[in-house]
Structures are given as C-alpha cells and as structure tokens.
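**Q** Coordinates in start-v5.cif, mmCIF, C-alpha atoms, are listed below.
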data_model
loop_
_atom_site.group_PDB
_atom_site.id
_atom_site.type_symbol
_atom_site.label_atom_id
_atom_site.label_comp_id
_atom_site.auth_asym_id
_atom_site.auth_seq_id
_atom_site.Cartn_x
_atom_site.Cartn_y
_atom_site.Cartn_z
ATOM 1 C CA MET K 20 6.214 12.541 -14.967
ATOM 2 C CA HIS K 21 9.309 14.397 -13.866
ATOM 3 C CA ALA K 22 11.843 12.526 -11.755
ATOM 4 C CA PHE K 23 11.604 15.128 -8.999
ATOM 5 C CA ARG K 24 7.853 14.619 -8.767
ATOM 6 C CA ARG K 25 8.201 10.815 -8.742
ATOM 7 C CA TRP K 26 10.745 11.009 -5.924
ATOM 8 C CA GLY K 27 8.520 13.438 -4.034
ATOM 9 C CA ILE K 28 5.569 11.067 -4.244
ATOM 10 C CA THR K 29 7.792 8.196 -3.179
ATOM 11 C CA PHE K 30 9.173 9.966 -0.100
ATOM 12 C CA VAL K 31 5.803 11.336 0.990
ATOM 13 C CA ASN K 32 4.232 7.887 0.819
ATOM 14 C CA LEU K 33 7.208 6.252 2.541
ATOM 15 C CA GLY K 34 6.916 8.821 5.313
ATOM 16 C CA ALA K 35 3.197 8.086 5.560
ATOM 17 C CA LEU K 36 3.865 4.357 5.913
ATOM 18 C CA ILE K 37 6.460 4.937 8.631
ATOM 19 C CA ALA K 38 4.118 7.334 10.456
ATOM 20 C CA ILE K 39 1.313 4.765 10.265
ATOM 21 C CA ALA K 40 3.653 2.138 11.730
ATOM 22 C CA GLY K 41 4.435 4.537 14.587
ATOM 23 C CA ILE K 42 0.744 5.121 15.204
ATOM 24 C CA ASP K 43 0.201 1.359 15.049
ATOM 25 C CA VAL K 44 2.783 0.864 17.805
ATOM 26 C CA TRP K 45 1.157 3.592 19.885
ATOM 27 C CA ALA K 46 -2.376 2.191 19.360
ATOM 28 C CA GLY K 47 -1.462 -1.146 20.921
ATOM 29 C CA GLN K 48 -2.033 -4.727 19.989
ATOM 30 C CA GLN K 49 -5.833 -4.731 20.306
ATOM 31 C CA VAL K 50 -6.366 -2.183 17.515
ATOM 32 C CA SER K 51 -5.635 -3.085 13.905
ATOM 33 C CA LEU K 52 -4.580 -0.205 11.676
ATOM 34 C CA TRP K 53 -4.118 -2.403 8.620
ATOM 35 C CA VAL K 54 -6.518 -0.297 6.558
ATOM 36 C CA LEU K 55 -4.286 2.743 7.039
ATOM 37 C CA TYR K 56 -1.322 0.879 5.526
ATOM 38 C CA VAL K 57 -3.393 0.376 2.366
ATOM 39 C CA LEU K 58 -3.874 4.080 1.600
ATOM 40 C CA PRO K 59 -0.251 5.094 0.773
ATOM 41 C CA VAL K 60 0.257 1.848 -1.127
ATOM 42 C CA LEU K 61 -2.763 2.465 -3.347
ATOM 43 C CA ALA K 62 -1.828 6.132 -3.792
ATOM 44 C CA THR K 63 1.634 5.066 -4.943
ATOM 45 C CA THR K 64 0.144 2.495 -7.305
ATOM 46 C CA TRP K 65 -2.218 5.061 -8.812
ATOM 47 C CA ARG K 66 0.476 7.690 -9.370
ATOM 48 C CA LEU K 67 3.544 5.546 -10.180
ATOM 49 C CA GLY K 68 2.241 2.213 -11.481
ATOM 50 C CA LEU K 69 2.224 -1.478 -10.685
ATOM 51 C CA GLY K 70 5.939 -1.989 -9.945
ATOM 52 C CA PRO K 71 6.276 0.722 -7.302
ATOM 53 C CA GLY K 72 2.893 -0.319 -5.895
ATOM 54 C CA VAL K 73 4.090 -3.891 -5.405
ATOM 55 C CA LEU K 74 7.309 -2.649 -3.761
ATOM 56 C CA PHE K 75 5.320 -0.390 -1.442
ATOM 57 C CA SER K 76 2.962 -3.232 -0.606
ATOM 58 C CA PHE K 77 5.902 -5.433 0.429
ATOM 59 C CA PHE K 78 7.245 -2.573 2.540
ATOM 60 C CA ALA K 79 3.827 -2.060 4.169
ATOM 61 C CA ILE K 80 3.441 -5.786 4.790
ATOM 62 C CA GLY K 81 6.926 -5.911 6.330
ATOM 63 C CA LEU K 82 6.228 -2.914 8.553
ATOM 64 C CA SER K 83 2.907 -4.316 9.715
ATOM 65 C CA PHE K 84 4.481 -7.705 10.412
ATOM 66 C CA ALA K 85 7.422 -6.156 12.263
ATOM 67 C CA VAL K 86 5.103 -4.058 14.430
ATOM 68 C CA GLY K 87 3.067 -7.154 15.267
ATOM 69 C CA CYS K 88 6.107 -9.283 16.067
ATOM 70 C CA LEU K 89 7.979 -6.673 18.083
ATOM 71 C CA PHE K 90 5.143 -4.966 19.945
ATOM 72 C CA GLY K 91 2.512 -7.677 20.186
ATOM 73 C CA HIS K 92 -0.408 -8.956 18.183
ATOM 74 C CA PRO K 93 -3.943 -9.868 19.261
ATOM 75 C CA PHE K 94 -3.764 -13.504 18.133
ATOM 76 C CA ALA K 95 -3.453 -16.559 20.375
ATOM 77 C CA GLY K 96 -0.274 -17.726 18.702
ATOM 78 C CA LEU K 97 2.328 -16.677 16.175
ATOM 79 C CA SER K 98 0.987 -19.113 13.586
ATOM 80 C CA PHE K 99 -2.404 -17.362 13.605
ATOM 81 C CA PHE K 100 -0.660 -14.018 13.210
ATOM 82 C CA VAL K 101 1.357 -15.326 10.254
ATOM 83 C CA ILE K 102 -1.794 -16.683 8.574
ATOM 84 C CA ALA K 103 -3.572 -13.344 9.080
ATOM 85 C CA SER K 104 -0.557 -11.464 7.715
ATOM 86 C CA LEU K 105 -0.387 -13.690 4.657
ATOM 87 C CA SER K 106 -4.080 -13.209 3.928
ATOM 88 C CA ARG K 107 -3.685 -9.440 4.292
ATOM 89 C CA SER K 108 -0.717 -9.612 1.936
ATOM 90 C CA VAL K 109 -2.758 -11.395 -0.723
ATOM 91 C CA ILE K 110 -5.565 -8.861 -0.361
ATOM 92 C CA LEU K 111 -3.154 -5.925 -0.570
ATOM 93 C CA LEU K 112 -1.423 -7.293 -3.667
ATOM 94 C CA LEU K 113 -4.805 -7.926 -5.280
ATOM 95 C CA LEU K 114 -5.843 -4.336 -4.526
ATOM 96 C CA VAL K 115 -2.578 -3.045 -6.015
ATOM 97 C CA TRP K 116 -3.186 -5.032 -9.188
ATOM 98 C CA LEU K 117 -6.797 -3.821 -9.423
ATOM 99 C CA VAL K 118 -5.815 -0.173 -8.922
ATOM 100 C CA SER K 119 -3.060 -0.432 -11.532
ATOM 101 C CA ARG K 120 -5.526 -1.915 -14.039
ATOM 102 C CA LEU K 121 -8.049 0.807 -13.244
ATOM 103 C CA ARG K 122 -5.361 3.447 -13.763
ATOM 104 C CA GLU K 123 -4.434 1.946 -17.141
ATOM 105 C CA LYS K 124 -8.081 2.081 -18.219
ATOM 106 C CA GLU K 125 -8.357 5.687 -17.020
ATOM 107 C CA VAL K 126 -5.254 6.720 -18.975
ATOM 108 C CA VAL K 127 -6.642 5.112 -22.127
ATOM 109 C CA ARG K 128 -10.035 6.774 -21.601
ATOM 110 C CA VAL K 129 -8.475 10.209 -21.131
ATOM 111 C CA HIS K 130 -6.234 9.867 -24.197
ATOM 112 C CA VAL K 131 -9.023 8.573 -26.417
ATOM 113 C CA GLY K 132 -11.207 11.460 -25.268
ATOM 114 C CA ARG K 133 -8.535 13.916 -26.465
ATOM 115 C CA ILE K 134 -8.348 12.534 -29.995
ATOM 116 C CA ASN K 135 -9.926 14.844 -32.531
ATOM 117 C CA PHE K 136 -11.698 12.710 -35.120
ATOM 118 C CA ASP K 137 -12.440 15.651 -37.473
#
Written as structure tokens, that's how I'd like the structure from this file.
**A**
Amino acid sequence: MHAFRRWGITFVNLGALIAIAGIDVWAGQQVSLWVLYVLPVLATTWRLGLGPGVLFSFFAIGLSFAVGCLFGHPFAGLSFFVIASLSRSVILLLLVWLVSRLREKEVVRVHVGRINFD
C-alpha cells in the first residue's frame, strides 16, 4: 500500500475518532457512544494491520476516558468508571486482534485463489 494512502487512512480515522469524542461530549454523560469509538479502530486494523490497530485502540480508549473524566460519567464513583473503562479496553483490544487475524486469513484466501495450478 502506498505511503500516501496509508497516511490518508490514518488521518481520516484519527479525524473520525476526534469527531466521535466531540459528539460524545455533546451527547452528555447519560449516553454512551463507546460503540462509535470501535468503528474507526476496526477500520484501521483491517486496512493497516495489528500494530496501527492497537495504537488506535489506545488512542480511542484515552479519548473515551478523557471525555468521561472531564465532562462526567454516569457511574456512582470514579472507581466504577475506571473498571468499566478497563473492561472496554480489553474488549476493544480483543476485537482488534480478532479483526487482524480475520484480515490475515482473508489475504491468504485471496492469494491462494489467484494461484494458477495448471
């Protein structure tokens, strides 16, 4: 993949994460937009691989945590919010790993399908 295309994907998905954080602030503390943070992370993982996916997941986790700390969270105490954030982090990292494995299998399937055995 060309470097220009990789950087384009990176900046588009970074912009999407920042926009989602802005919408999360606007939505208030009673609405969880955690699912929206997952979409750019998984798109990055699918297009760029496991390493960038893990970096994006840490960025998404940090943004979500910062929004919750700075603008309020729906939990009774900070400890509950931290536990919820950690569990979301584990789930997100697991999803990133699963998508990267699925992508590897898809690449192998496509390349094997192109081999001419004649």
**Q** Name all residues at most 9 Å from Leu114 (chain K) (count all atoms listed in the file; drop same-chain ones fewer than 5 positions away) and give them as an MDAnalysis selection string.
**A** chainID K and resid 57 61 109 119
**Q** For this file, the PyMOL selection byres ((chain K and resi 62) around 12) selects which residues, as an MDAnalysis selection string?
**A** chainID K and resid 28:29 31:33 35:36 55:61 63:69 71:73 75:76 114:115 118:119 122
**Q** Centre and edge lengths of an axis-aligned box around all listed atoms of region 92-105 of chain K, with 3 Å added on each side, are to be given in Å to one decimal, as JSON.
**A**
{"center_x": -0.8, "center_y": -14.0, "center_z": 12.5, "size_x": 12.3, "size_y": 16.2, "size_z": 21.7}
**Q** Written as a PyMOL selection string, what is the full residue list that the PyMOL selection byres ((chain K and resi 83-91) around 9) yields on the file shown?
**A** chain K and resi 40-41+43-44+47-49+52-53+56+78-82+92-94+97+100-101+104
**Q** How far is it from CA of Ile39 (chain K) to CA of Val54 (chain K), in Å with one decimal?
**A**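 Interatomic distance, CA of Ile39 (chain K) to CA of Val54 (chain K): 10.0 Å.
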**Q** Could you check how far CA of Ile37 (chain K) sits from CA of Ser51 (chain K), in Å to one decimal?
**A**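 Going from CA of Ile37 (chain K) over to CA of Ser51 (chain K) covers 15.4 Å.
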**Q** Provide the CA of Gly34 (chain K) to CA of Leu111 (chain K) distance in Å, to one decimal place.
**A**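 If I compute the distance from CA of Gly34 (chain K) to CA of Leu111 (chain K), I get 18.8 Å.
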